[in-house]
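S.K.: Pasting in a structure now, in C-alpha cells, and then I'll have a few things to ask.
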Amino acid sequence: MTAATRALTPAGPHDAGATRDPRPVETGAGPRAGTGAGPRAGTEAGARAGTGTGARAGTGARAGTGARAGSPAGGVAVADAGRAPRGRGDGVPRREPLILGVRHHGPGSARAVRAALDAERPAAVLIEGPPEADGLLGLAADEAMRPPVALLAHAVDDPGRAAFWPLAEFSPEWVAIRWALAHDVAVRFIDLPAAHTLAATDPTWSDGEGDSEGEGADQAVRIDPIAELADAAGYDDPERWWEDVVEHRGPGDPLAPFAALAAAMGALREAYGHGGHPRDLVREAHMRLRLRAARKEFGDGVAVVCGAWHVPALTARTTATADRALLKGLPKVKTEMTWVPWTHRRLARRSGYGAGIDSPGWYGHLFAAPDRPVERWMTKVAGLFREEDRMVSSAHVIEAVRLAETLAAMRGRPLAGLGETTDAVRAVMCDGSDVPLDLVRDRLVVGDVLGEVPADAPAVPLQRDLARLQRGLRLKPEARERELELDLRKENDAARSRLLHRLTLLAVGWGEPVAGRGSTGTFRESWRLRWQPELHVQVAEAGVWGTTVASAATAKAESRAREATALADITALAERCLLAGLAEALPTVMTALADRAALDTDVGHLAQALPALARSLRYGDVRATDTAALGEVAAGLAERICVGLPPACTGLDTDAAVEMRGHLDGVHTALGLLPDSARLTDRWTGVLRGLATRDTVPGTLRGRCARLLLDEGRLDEGEAARLMGLALSPGTPPADAAAWIEGFVGGASGGGMLLVHDERLLALVDDWLTSVPAHAFTDVLPLLRRTFSAYEPGARRTLGELVARGPSPGGRAHLEAGVAGFAPDLDDARAEAVLPVLRLLLDAAEPMKEPVEVGR
C-alpha cells in the first residue's frame, strides 16, 4: 500500500475515481448479470487522489510522479497521464491511448473526464459497457433523453433474465458519451457483451455472493479498494476521504488524477489480484481485444473510460491469443437492448443497486452546481421545508451555511460535505430533530428524479402501447409514490381503472388497490402508484401474451382460466376480468367456471368462491358489464351451499370450525348482492336456524348463526337470550360454552356494543363466567381473552363499568345516571337534534316524517 498511497496526490480535484463498477443490475432468475465487475468501491465514494493522514490538496507526492498509468511495459501501451500530454488539441498526435480510470456515478470523475477529453481531443472514445448498445448511443444526444437512464438488456427467449447499466447526469460514462456525440467523435462500448453476461451459468462465473460453499474463502480475498486507500490515508470513513480529495478539489492538471489513481490501483491489483471477482479477468480480456481493434482503426488517439480498478489490467503485458483463450467457450444467448428511464432512488444502494451511491441527489447537486454548492444546497433544503409548511427564513439559511463551514474547519476539511450540511440543517432548521431531516434525506439526498427516454427508442410493442395509453389517459409514470382516486362514473377514470387492473393481471406492478377514503361505493377506487425501472422488464415478460395491453391481458386471462384447478381461483379471475373490462375473455372464463362449479362438491370451496362472484355482480351497474351469465352461476352455487352446508358443519374440530365460520360470514354477505336475493335469503335463514339449534354443530358456528339471525331481525332478542341461556347452562362443558360466546359476540363484529346495549345478554355471560369451576377456568381463559380483546377500548371500558355496577332490575338499559355515557331513558330532544345533519348526509329529498330510533 505504500506505493499506492505515495502515488495518490492531492494536486487538485483528483477524481480518478474508482472502483465502483457500472456493473449491470440483474433481475429475474439465473446468474446475476454482470455483477462482478471488479470490487465495489466501498460505500459510495471512490478512492480520492491524495493521501497521508488527513491528506488534502497540496500534500504528498507531486501528481503523476508515483507511477506510470500502465503496469509493465508491453501488451497494450498506455499514456503516462501524469506527464505533459502529447497533443492537447494542438494537432500533435498521441503515441499511446489515454486510459481514464473513473469512479462510476462520481461527479468528480465526470468533471475530470470532461476536462481530460477537452484537453486531449481523442479520435475515438471507448467506454466500459455492453457492445450491443453501440447502435443506441446516438439517442443520448436526443433532447428528449434526460438522465438518469439505463441500458436494459434482456434475453429474447426469457425476458425475465435481464440486466441494467444505469447512467446518471453525473456519471463519467454519460459525460464521455455526450462529449463524443457533441464533437462528432466515434464512441463505442468495450465491456463483455450482454449476450455472455446474461447466459452465464458456470459457478466459476459468479462472485461467490450468496454461495454457501467456499464463501469464506471468497470473502477473505474480496477487498474494498476505496476503503483500502482511505485507510492508508488515515481516514476511517471512505466517503469523507473521497469528498475531501476528489469532490472538493480545485482546478489543476486534468490528467494528473488519472495517473495517480492508476498507480494506486496497480498496487492494489498487484497485492490482491482480481480482488475476489474472477469474472473481471474475462471482462478485461474482452476490453483489451476491443482496445487493440480501436487502435488499428483510429491509431493511438483513443481514449478509454473505465472503472479505475480495470486500468492496470488494460495496460498489462498480454497477447491477443491469450485474451481470446479466456473468452473461448463462453455461453451465449440472443439479447435485445434499449434505453429505459431510471431513478435516483434506484441509484442508491439502499434501493437495491449494490454498485450505487447512498446520496445520488447530493452528487447530482455537486455536479450541477460546482460554484457555492453549500449555499445552493441550503436554499434547496429551505424551499423543501417551506413546501411542507415549516417556518424557515433567509436567516436560517445564512446561519446553516455558516455552521456547516465552521464544522468543516473544525474537522479539518477543505469544504463542507454532506455530513457537515446535514448536521447544520438538523441544528438550525430542524431544532435538533431527525424527523424533518428524514424528509431531506428522502427528497433531496436521494430524491425521486425519474429520467426520460425518446419515444423512438427501441421497445417491445407492449411497451409502446402502454406508453400510448399513459399519454392518452394523462397518467404519467412518476418515481414518487402517490395515491390516485378514481370516480368510475367518469369515462377517463373508468379507462384508467381498466388499464391498472389489466396491468395487475399481467403482473406489472405499477399500482395496487388500496382502501378508499370517504366512500365504500362501487363507483370509487383508490390506487397507490409508483413507477420503478424494473417494471420495464415486467412489461417485456408480459409481451409474450400480446402486442397491446388489452390483447395481452385477454390472452393471459383465458390461459389462466383453462389451467385453473380451484374453483375459488376461477371466480377470482372472473372478478378481475370484470374489473379490467376484458369482455372477450369472459366467455372462456365463464365456461371454465361453470364446468368447475358443476364438478366441485366441497361446500368449503363453493362458499369460498361465492363472495367473489357476488362482488363481480355489482360492477354491472357502474362498468356497464353484462353479468347475467355470472348471476346464474352464482345463484346455482348459493343453492348448492344451502343444501350441503348443514352436513358439512357436523363433527368439525376447532380449526375447521373457525374456517367454516369465515365461510358463513362470506356467504351471508354475498347473498344480499345476488339477483333474486329475497328468495335465497329466506332459504338461507332456514339453514341458519337449523344450524343454531343443532347440538352436533360446534359452538362457534351455533353462536355465529344465532348472531347473524339476530342482526338481520330474523331472531328476536328474547329467543337470542334463550339460546344463550341454553349454551351457557351448567350442563354444557365450559369449552363449548366459551366457543359459543366467541361465535356470538367475538371478533370485530360489534359484539361488544351488543353486550353494552342488551344487559340481559351481558348478565347471562356474567353469570356463566362466575359459575365456571376453578379447574376449568384456565382452559377457557385463552378463548375468552381472544374474544374480548377484539373489542374497541371504549366498549371494553364500558363493559367493565357495567359489570362493576352490577345488574339493573329491568335487565335491559335500566341504567343509573351515574354511569358515564348512559342514561335511564332515551333523550328524544338530543336524538332529534342530529336529524338535520343526517338529512344533509343522506341528501334526503323530503323531511323525515318519523323519528330515528337511537340506541339499537
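Note on naming: chains are A, B, ... as they come in the C-alpha cells, residues start from 1 per chain, ligands start from 1 in the order shown.
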I need the helix (DSSP H, G or I) residues of range 591-815 of chain A per DSSP on the backbone, written as number ranges by chain.
M.R.: A: 591-599, 603-617, 619-623, 628-648, 654-671, 677-692, 699-711, 717-727, 734-745, 751-757, 759-771, 774-789, 793-805
S.K.: If you count only C-alpha atoms, which residues fall within 12 Å of Val333 in chain A, apart from same-chain ones fewer than 5 positions away, as a list of chain:residue names?
M.R.: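 Here the answer would be A:Ala153, A:His154, A:Ala155, A:Val156, A:Asp157, A:Asp158, A:Pro159, A:Arg161, A:Ala162, A:Pro193, A:Ala194, A:Ala195, A:His196, A:Thr197, A:Leu198, A:Ala199, A:Ala200, A:Thr201.
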S.K.: With N, CA, C and O atoms retained, write the just-selected residues as a PDB file, in the first residue's frame.
M.R.:
```pdb
ATOM      1  N   ALA A 153     -30.817  -4.753 -21.055  1.00  0.00           N
ATOM      2  CA  ALA A 153     -30.608  -5.921 -21.903  1.00  0.00           C
ATOM      3  C   ALA A 153     -31.410  -7.076 -21.344  1.00  0.00           C
ATOM      4  O   ALA A 153     -31.432  -7.289 -20.130  1.00  0.00           O
ATOM      5  N   HIS A 154     -32.104  -7.790 -22.214  1.00  0.00           N
ATOM      6  CA  HIS A 154     -32.844  -8.964 -21.751  1.00  0.00           C
ATOM      7  C   HIS A 154     -32.740 -10.062 -22.812  1.00  0.00           C
ATOM      8  O   HIS A 154     -32.591  -9.791 -24.011  1.00  0.00           O
ATOM      9  N   ALA A 155     -32.806 -11.291 -22.346  1.00  0.00           N
ATOM     10  CA  ALA A 155     -32.779 -12.429 -23.262  1.00  0.00           C
ATOM     11  C   ALA A 155     -34.080 -12.475 -24.046  1.00  0.00           C
ATOM     12  O   ALA A 155     -35.166 -12.317 -23.478  1.00  0.00           O
ATOM     13  N   VAL A 156     -33.991 -12.676 -25.332  1.00  0.00           N
ATOM     14  CA  VAL A 156     -35.180 -12.679 -26.187  1.00  0.00           C
ATOM     15  C   VAL A 156     -36.139 -13.789 -25.784  1.00  0.00           C
ATOM     16  O   VAL A 156     -37.352 -13.589 -25.725  1.00  0.00           O
ATOM     17  N   ASP A 157     -35.616 -14.964 -25.502  1.00  0.00           N
ATOM     18  CA  ASP A 157     -36.457 -16.103 -25.165  1.00  0.00           C
ATOM     19  C   ASP A 157     -36.864 -16.135 -23.697  1.00  0.00           C
ATOM     20  O   ASP A 157     -37.730 -16.919 -23.308  1.00  0.00           O
ATOM     21  N   ASP A 158     -36.239 -15.316 -22.879  1.00  0.00           N
ATOM     22  CA  ASP A 158     -36.555 -15.277 -21.448  1.00  0.00           C
ATOM     23  C   ASP A 158     -36.400 -13.841 -20.962  1.00  0.00           C
ATOM     24  O   ASP A 158     -35.381 -13.474 -20.370  1.00  0.00           O
ATOM     25  N   PRO A 159     -37.415 -12.986 -21.213  1.00  0.00           N
ATOM     26  CA  PRO A 159     -37.274 -11.572 -20.857  1.00  0.00           C
ATOM     27  C   PRO A 159     -37.019 -11.329 -19.379  1.00  0.00           C
ATOM     28  O   PRO A 159     -36.508 -10.276 -18.997  1.00  0.00           O
ATOM     29  N   ARG A 161     -34.825 -12.685 -17.631  1.00  0.00           N
ATOM     30  CA  ARG A 161     -33.373 -12.649 -17.429  1.00  0.00           C
ATOM     31  C   ARG A 161     -32.877 -11.360 -18.067  1.00  0.00           C
ATOM     32  O   ARG A 161     -32.757 -11.255 -19.286  1.00  0.00           O
ATOM     33  N   ALA A 162     -32.627 -10.381 -17.236  1.00  0.00           N
ATOM     34  CA  ALA A 162     -32.313  -9.043 -17.743  1.00  0.00           C
ATOM     35  C   ALA A 162     -31.270  -8.379 -16.869  1.00  0.00           C
ATOM     36  O   ALA A 162     -30.997  -8.820 -15.743  1.00  0.00           O
ATOM     37  N   PRO A 193     -19.843  -8.568 -23.886  1.00  0.00           N
ATOM     38  CA  PRO A 193     -21.204  -8.447 -24.421  1.00  0.00           C
ATOM     39  C   PRO A 193     -22.261  -8.959 -23.450  1.00  0.00           C
ATOM     40  O   PRO A 193     -22.030  -9.915 -22.687  1.00  0.00           O
ATOM     41  N   ALA A 194     -23.422  -8.332 -23.488  1.00  0.00           N
ATOM     42  CA  ALA A 194     -24.530  -8.764 -22.640  1.00  0.00           C
ATOM     43  C   ALA A 194     -24.974 -10.174 -22.984  1.00  0.00           C
ATOM     44  O   ALA A 194     -25.525 -10.882 -22.142  1.00  0.00           O
ATOM     45  N   ALA A 195     -24.742 -10.611 -24.215  1.00  0.00           N
ATOM     46  CA  ALA A 195     -25.111 -11.971 -24.608  1.00  0.00           C
ATOM     47  C   ALA A 195     -24.408 -13.001 -23.742  1.00  0.00           C
ATOM     48  O   ALA A 195     -24.976 -14.046 -23.400  1.00  0.00           O
ATOM     49  N   HIS A 196     -23.163 -12.730 -23.369  1.00  0.00           N
ATOM     50  CA  HIS A 196     -22.440 -13.633 -22.468  1.00  0.00           C
ATOM     51  C   HIS A 196     -22.841 -13.400 -21.017  1.00  0.00           C
ATOM     52  O   HIS A 196     -22.958 -14.341 -20.230  1.00  0.00           O
ATOM     53  N   THR A 197     -23.026 -12.160 -20.651  1.00  0.00           N
ATOM     54  CA  THR A 197     -23.366 -11.837 -19.267  1.00  0.00           C
ATOM     55  C   THR A 197     -24.673 -12.487 -18.851  1.00  0.00           C
ATOM     56  O   THR A 197     -24.787 -13.053 -17.757  1.00  0.00           O
ATOM     57  N   LEU A 198     -25.689 -12.430 -19.724  1.00  0.00           N
ATOM     58  CA  LEU A 198     -26.995 -12.979 -19.377  1.00  0.00           C
ATOM     59  C   LEU A 198     -27.036 -14.493 -19.464  1.00  0.00           C
ATOM     60  O   LEU A 198     -27.923 -15.124 -18.883  1.00  0.00           O
ATOM     61  N   ALA A 199     -26.091 -15.084 -20.190  1.00  0.00           N
ATOM     62  CA  ALA A 199     -26.112 -16.535 -20.378  1.00  0.00           C
ATOM     63  C   ALA A 199     -25.267 -17.275 -19.359  1.00  0.00           C
ATOM     64  O   ALA A 199     -25.289 -18.507 -19.322  1.00  0.00           O
ATOM     65  N   ALA A 200     -24.518 -16.555 -18.553  1.00  0.00           N
ATOM     66  CA  ALA A 200     -23.569 -17.199 -17.654  1.00  0.00           C
ATOM     67  C   ALA A 200     -24.278 -18.125 -16.679  1.00  0.00           C
ATOM     68  O   ALA A 200     -25.201 -17.732 -15.981  1.00  0.00           O
ATOM     69  N   THR A 201     -23.855 -19.382 -16.647  1.00  0.00           N
ATOM     70  CA  THR A 201     -24.411 -20.352 -15.698  1.00  0.00           C
ATOM     71  C   THR A 201     -23.323 -21.110 -14.963  1.00  0.00           C
ATOM     72  O   THR A 201     -23.602 -21.825 -14.003  1.00  0.00           O
TER      73      THR A 201
END
```
S.K.: For Ile357 in chain A, which residue out of A:Leu645, A:Ala264, A:Leu723, A:Ala168 is the nearest one, using only C-alpha atoms?
M.R.: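 Nearest to Ile357 in chain A: A:Ala168.
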S.K.: What does the distance between CA of Ser616 in chain A and CA of Leu673 in chain A come to in Å, to one decimal place?
M.R.: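 Spanning CA of Ser616 in chain A to CA of Leu673 in chain A is a straight-line distance of 9.5 Å.
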S.K.: Please identify every residue of range 450-525 of chain A that has at least one atom no farther than 10 Å from an atom of range 132-140 of chain A, counting only C-alpha atoms, and for each give the shortest atom pair and the distance in Å to one decimal, arranged by chain then increasing number, as CSV.
M.R.:
```
residue,atom,partner,partner_atom,distance
A:Val453,CA,A:Leu139,CA,8.4
A:Pro454,CA,A:Leu139,CA,7.5
A:Asp456,CA,A:Leu139,CA,8.8
A:Ala457,CA,A:Leu139,CA,7.4
A:Pro458,CA,A:Leu136,CA,8.5
```
S.K.: Set the distance at 8 Å and use only C-alpha atoms: which residues neighbour range 528-542 of chain A once local chain neighbours fewer than 5 positions away are removed? I'd like the list as a ChimeraX atom specification.
M.R.: /A:27,154,158-160,162,340-343,346,460,462-463,477-484,506-514,552
S.K.: With C-alpha atoms retained, export the selected residues as a compact mmCIF listing (two decimals), in the first residue's frame.
M.R.:
```
# COMPACT_ATOMS: atom_id res chain seq x y z
CA THR A 27 -33.26 -9.09 -12.42
CA HIS A 154 -32.84 -8.96 -21.75
CA ASP A 158 -36.55 -15.28 -21.45
CA PRO A 159 -37.27 -11.57 -20.86
CA GLY A 160 -37.13 -12.12 -17.11
CA ALA A 162 -32.31 -9.04 -17.74
CA VAL A 340 -35.21 2.89 -20.18
CA PRO A 341 -35.82 5.60 -17.56
CA TRP A 342 -34.01 5.16 -14.26
CA THR A 343 -34.41 6.87 -10.89
CA ARG A 346 -32.56 3.07 -7.78
CA VAL A 460 -41.31 -4.10 -27.29
CA LEU A 462 -46.47 -3.87 -25.50
CA GLN A 463 -44.32 -1.10 -24.01
CA PRO A 477 -45.37 7.48 -14.57
CA GLU A 478 -43.74 9.02 -11.50
CA ALA A 479 -40.96 7.78 -9.26
CA ARG A 480 -42.62 9.19 -6.16
CA GLU A 481 -45.37 7.13 -4.58
CA ARG A 482 -48.78 8.75 -4.84
CA GLU A 483 -52.42 7.84 -4.34
CA LEU A 484 -54.93 8.12 -7.17
CA LEU A 506 -50.27 -9.09 -16.39
CA ALA A 507 -48.13 -8.91 -13.19
CA VAL A 508 -46.90 -5.40 -13.99
CA GLY A 509 -46.94 -3.87 -10.53
CA TRP A 510 -47.32 -0.19 -11.32
CA GLY A 511 -50.24 0.24 -8.93
CA GLU A 512 -52.01 -1.61 -6.18
CA PRO A 513 -55.59 -1.01 -5.00
CA VAL A 514 -55.98 0.41 -1.51
CA ALA A 552 -52.16 -9.45 -23.67
```
S.K.: If you count only C-alpha atoms, which residues fall within 8 Å of range 634-644 of chain A, apart from same-chain ones fewer than 5 positions away, as a list in words?
M.R.: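 Close residues of range 634-644 of chain A: Ala597, Val603, Leu606, Ala607, Leu610, Leu613, Ala614, Leu671, Leu674, Pro675, Leu680, Arg683, Trp684 and Val687 of chain A.
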S.K.: Any chance you could tabulate, as JSON lines, the residues of range 233-340 of chain A at most 10 Å from range 358-374 of chain A with each one's nearest atom pair and distance in Å to one decimal, using only C-alpha atoms, in chain and rising number order?
M.R.:
```
{"residue": "A:Glu239", "atom": "CA", "partner": "A:Asp358", "partner_atom": "CA", "distance": 9.9}
{"residue": "A:Glu247", "atom": "CA", "partner": "A:Leu366", "partner_atom": "CA", "distance": 7.9}
{"residue": "A:His248", "atom": "CA", "partner": "A:Pro370", "partner_atom": "CA", "distance": 9.3}
```
S.K.: Show me a table, sorted first by chain and then by increasing residue number, of the residues of range 83-176 of chain A having an atom at most 6 Å from range 289-303 of chain A, each with its shortest atom pair and the distance in Å to one decimal, counting only C-alpha atoms and written as a Markdown table.
M.R.:
```
| residue | atom | partner | partner_atom | distance |
| --- | --- | --- | --- | --- |
| A:Arg94 | CA | A:Gly301 | CA | 5.6 |
| A:Arg95 | CA | A:Asp300 | CA | 5.5 |
| A:Glu96 | CA | A:Asp300 | CA | 4.9 |
| A:Pro97 | CA | A:Val302 | CA | 4.9 |
| A:Leu98 | CA | A:Ala303 | CA | 4.5 |
| A:Ile99 | CA | A:Ala303 | CA | 5.8 |
| A:Pro122 | CA | A:Gly301 | CA | 5.0 |
| A:Ala123 | CA | A:Gly301 | CA | 5.2 |
| A:Ala124 | CA | A:Val302 | CA | 5.0 |
| A:Val125 | CA | A:Ala303 | CA | 4.9 |
```
S.K.: Quick one: residues within 12 Å of Glu575 in chain A, only C-alpha atoms counted, chain neighbours fewer than 6 positions away excluded, as a PDB file with N, CA and C atoms, in the first residue's frame?
M.R.:
```
ATOM      1  N   HIS A 501     -56.076  -2.366 -13.759  1.00  0.00           N
ATOM      2  CA  HIS A 501     -56.457  -3.751 -13.487  1.00  0.00           C
ATOM      3  C   HIS A 501     -55.855  -4.702 -14.526  1.00  0.00           C
ATOM      4  N   ARG A 502     -55.762  -4.278 -15.775  1.00  0.00           N
ATOM      5  CA  ARG A 502     -55.155  -5.126 -16.795  1.00  0.00           C
ATOM      6  C   ARG A 502     -53.665  -5.324 -16.524  1.00  0.00           C
ATOM      7  N   LEU A 505     -53.260  -7.802 -13.785  1.00  0.00           N
ATOM      8  CA  LEU A 505     -53.453  -9.158 -14.290  1.00  0.00           C
ATOM      9  C   LEU A 505     -52.210  -9.655 -15.033  1.00  0.00           C
ATOM     10  N   ALA A 557     -55.664 -14.064 -19.303  1.00  0.00           N
ATOM     11  CA  ALA A 557     -56.854 -14.474 -18.545  1.00  0.00           C
ATOM     12  C   ALA A 557     -57.426 -15.782 -19.088  1.00  0.00           C
ATOM     13  N   ALA A 568     -62.218 -21.369  -6.493  1.00  0.00           N
ATOM     14  CA  ALA A 568     -62.018 -20.003  -5.997  1.00  0.00           C
ATOM     15  C   ALA A 568     -61.096 -19.217  -6.916  1.00  0.00           C
ATOM     16  N   ASP A 569     -60.108 -19.886  -7.514  1.00  0.00           N
ATOM     17  CA  ASP A 569     -59.207 -19.192  -8.436  1.00  0.00           C
ATOM     18  C   ASP A 569     -59.948 -18.701  -9.673  1.00  0.00           C
ATOM     19  N   GLY A 581     -62.421  -4.988 -17.563  1.00  0.00           N
ATOM     20  CA  GLY A 581     -63.181  -4.789 -18.791  1.00  0.00           C
ATOM     21  C   GLY A 581     -62.769  -5.718 -19.908  1.00  0.00           C
ATOM     22  N   LEU A 582     -62.429  -6.953 -19.584  1.00  0.00           N
ATOM     23  CA  LEU A 582     -61.993  -7.922 -20.599  1.00  0.00           C
ATOM     24  C   LEU A 582     -63.191  -8.750 -21.052  1.00  0.00           C
ATOM     25  N   ALA A 583     -64.070  -8.138 -21.824  1.00  0.00           N
ATOM     26  CA  ALA A 583     -65.283  -8.821 -22.262  1.00  0.00           C
ATOM     27  C   ALA A 583     -64.978 -10.028 -23.137  1.00  0.00           C
ATOM     28  N   ALA A 585     -62.555 -12.108 -22.845  1.00  0.00           N
ATOM     29  CA  ALA A 585     -62.076 -13.247 -22.063  1.00  0.00           C
ATOM     30  C   ALA A 585     -63.173 -13.880 -21.233  1.00  0.00           C
ATOM     31  N   LEU A 586     -64.273 -13.158 -21.004  1.00  0.00           N
ATOM     32  CA  LEU A 586     -65.317 -13.660 -20.107  1.00  0.00           C
ATOM     33  C   LEU A 586     -65.953 -14.973 -20.584  1.00  0.00           C
ATOM     34  N   VAL A 589     -63.711 -17.735 -19.492  1.00  0.00           N
ATOM     35  CA  VAL A 589     -63.681 -17.823 -18.032  1.00  0.00           C
ATOM     36  C   VAL A 589     -64.991 -18.395 -17.498  1.00  0.00           C
ATOM     37  N   MET A 590     -66.121 -17.961 -18.067  1.00  0.00           N
ATOM     38  CA  MET A 590     -67.421 -18.436 -17.585  1.00  0.00           C
ATOM     39  C   MET A 590     -67.604 -19.923 -17.899  1.00  0.00           C
ATOM     40  N   LEU A 593     -65.651 -21.708 -15.366  1.00  0.00           N
ATOM     41  CA  LEU A 593     -66.307 -21.574 -14.064  1.00  0.00           C
ATOM     42  C   LEU A 593     -67.492 -22.522 -13.940  1.00  0.00           C
ATOM     43  N   ALA A 609     -65.872 -19.520  -3.100  1.00  0.00           N
ATOM     44  CA  ALA A 609     -65.982 -18.937  -4.432  1.00  0.00           C
ATOM     45  C   ALA A 609     -67.118 -17.939  -4.552  1.00  0.00           C
ATOM     46  N   LEU A 610     -68.190 -18.099  -3.770  1.00  0.00           N
ATOM     47  CA  LEU A 610     -69.381 -17.270  -3.943  1.00  0.00           C
ATOM     48  C   LEU A 610     -69.140 -15.783  -3.708  1.00  0.00           C
ATOM     49  N   PRO A 611     -68.409 -15.353  -2.660  1.00  0.00           N
ATOM     50  CA  PRO A 611     -68.234 -13.903  -2.444  1.00  0.00           C
ATOM     51  C   PRO A 611     -67.625 -13.177  -3.633  1.00  0.00           C
ATOM     52  N   ALA A 612     -66.641 -13.789  -4.295  1.00  0.00           N
ATOM     53  CA  ALA A 612     -66.034 -13.114  -5.449  1.00  0.00           C
ATOM     54  C   ALA A 612     -67.050 -12.936  -6.571  1.00  0.00           C
ATOM     55  N   LEU A 613     -67.909 -13.933  -6.777  1.00  0.00           N
ATOM     56  CA  LEU A 613     -68.945 -13.798  -7.801  1.00  0.00           C
ATOM     57  C   LEU A 613     -69.938 -12.708  -7.432  1.00  0.00           C
ATOM     58  N   ALA A 614     -70.309 -12.656  -6.170  1.00  0.00           N
ATOM     59  CA  ALA A 614     -71.277 -11.639  -5.735  1.00  0.00           C
ATOM     60  C   ALA A 614     -70.700 -10.233  -5.912  1.00  0.00           C
ATOM     61  N   ARG A 615     -69.429 -10.083  -5.568  1.00  0.00           N
ATOM     62  CA  ARG A 615     -68.810  -8.759  -5.766  1.00  0.00           C
ATOM     63  C   ARG A 615     -68.778  -8.396  -7.245  1.00  0.00           C
ATOM     64  N   SER A 616     -68.529  -9.387  -8.088  1.00  0.00           N
ATOM     65  CA  SER A 616     -68.467  -9.121  -9.525  1.00  0.00           C
ATOM     66  C   SER A 616     -69.804  -8.638 -10.059  1.00  0.00           C
ATOM     67  N   LEU A 617     -70.916  -9.133  -9.489  1.00  0.00           N
ATOM     68  CA  LEU A 617     -72.236  -8.730  -9.971  1.00  0.00           C
ATOM     69  C   LEU A 617     -72.503  -7.248  -9.734  1.00  0.00           C
ATOM     70  N   ARG A 618     -71.813  -6.654  -8.779  1.00  0.00           N
ATOM     71  CA  ARG A 618     -72.036  -5.235  -8.508  1.00  0.00           C
ATOM     72  C   ARG A 618     -71.471  -4.337  -9.594  1.00  0.00           C
ATOM     73  N   TYR A 619     -70.514  -4.834 -10.382  1.00  0.00           N
ATOM     74  CA  TYR A 619     -69.827  -3.973 -11.337  1.00  0.00           C
ATOM     75  C   TYR A 619     -70.640  -3.727 -12.588  1.00  0.00           C
ATOM     76  N   GLY A 620     -71.724  -4.483 -12.768  1.00  0.00           N
ATOM     77  CA  GLY A 620     -72.532  -4.275 -13.963  1.00  0.00           C
ATOM     78  C   GLY A 620     -73.148  -2.890 -13.999  1.00  0.00           C
ATOM     79  N   THR A 625     -71.225  -3.653 -17.587  1.00  0.00           N
ATOM     80  CA  THR A 625     -70.839  -5.008 -17.970  1.00  0.00           C
ATOM     81  C   THR A 625     -72.032  -5.934 -17.811  1.00  0.00           C
ATOM     82  N   THR A 627     -73.641  -9.062 -16.701  1.00  0.00           N
ATOM     83  CA  THR A 627     -73.299 -10.091 -15.712  1.00  0.00           C
ATOM     84  C   THR A 627     -74.416 -11.110 -15.556  1.00  0.00           C
ATOM     85  N   LEU A 630     -73.091 -14.605 -15.184  1.00  0.00           N
ATOM     86  CA  LEU A 630     -72.428 -14.732 -13.894  1.00  0.00           C
ATOM     87  C   LEU A 630     -73.451 -14.881 -12.776  1.00  0.00           C
TER      88      LEU A 630
END
```
S.K.: Of the candidates A:Thr681, A:Cys649, A:Thr379, A:Asp600, which one gets nearest to Thr696 in chain A if we count only C-alpha atoms?
M.R.: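 Of the candidates, the smallest distance to Thr696 in chain A is held by A:Cys649.
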S.K.: Could you tell me how far CA of Met265 in chain A lies from CA of Val185 in chain A, in Å and to one decimal?
M.R.: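 Interatomic distance, CA of Met265 in chain A to CA of Val185 in chain A: 28.6 Å.
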S.K.: Could you jot down the CA of Gly252 in chain A to CA of Gly106 in chain A separation for me, Å, one decimal place?
M.R.: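 Between these atoms lies a distance of 18.0 Å.
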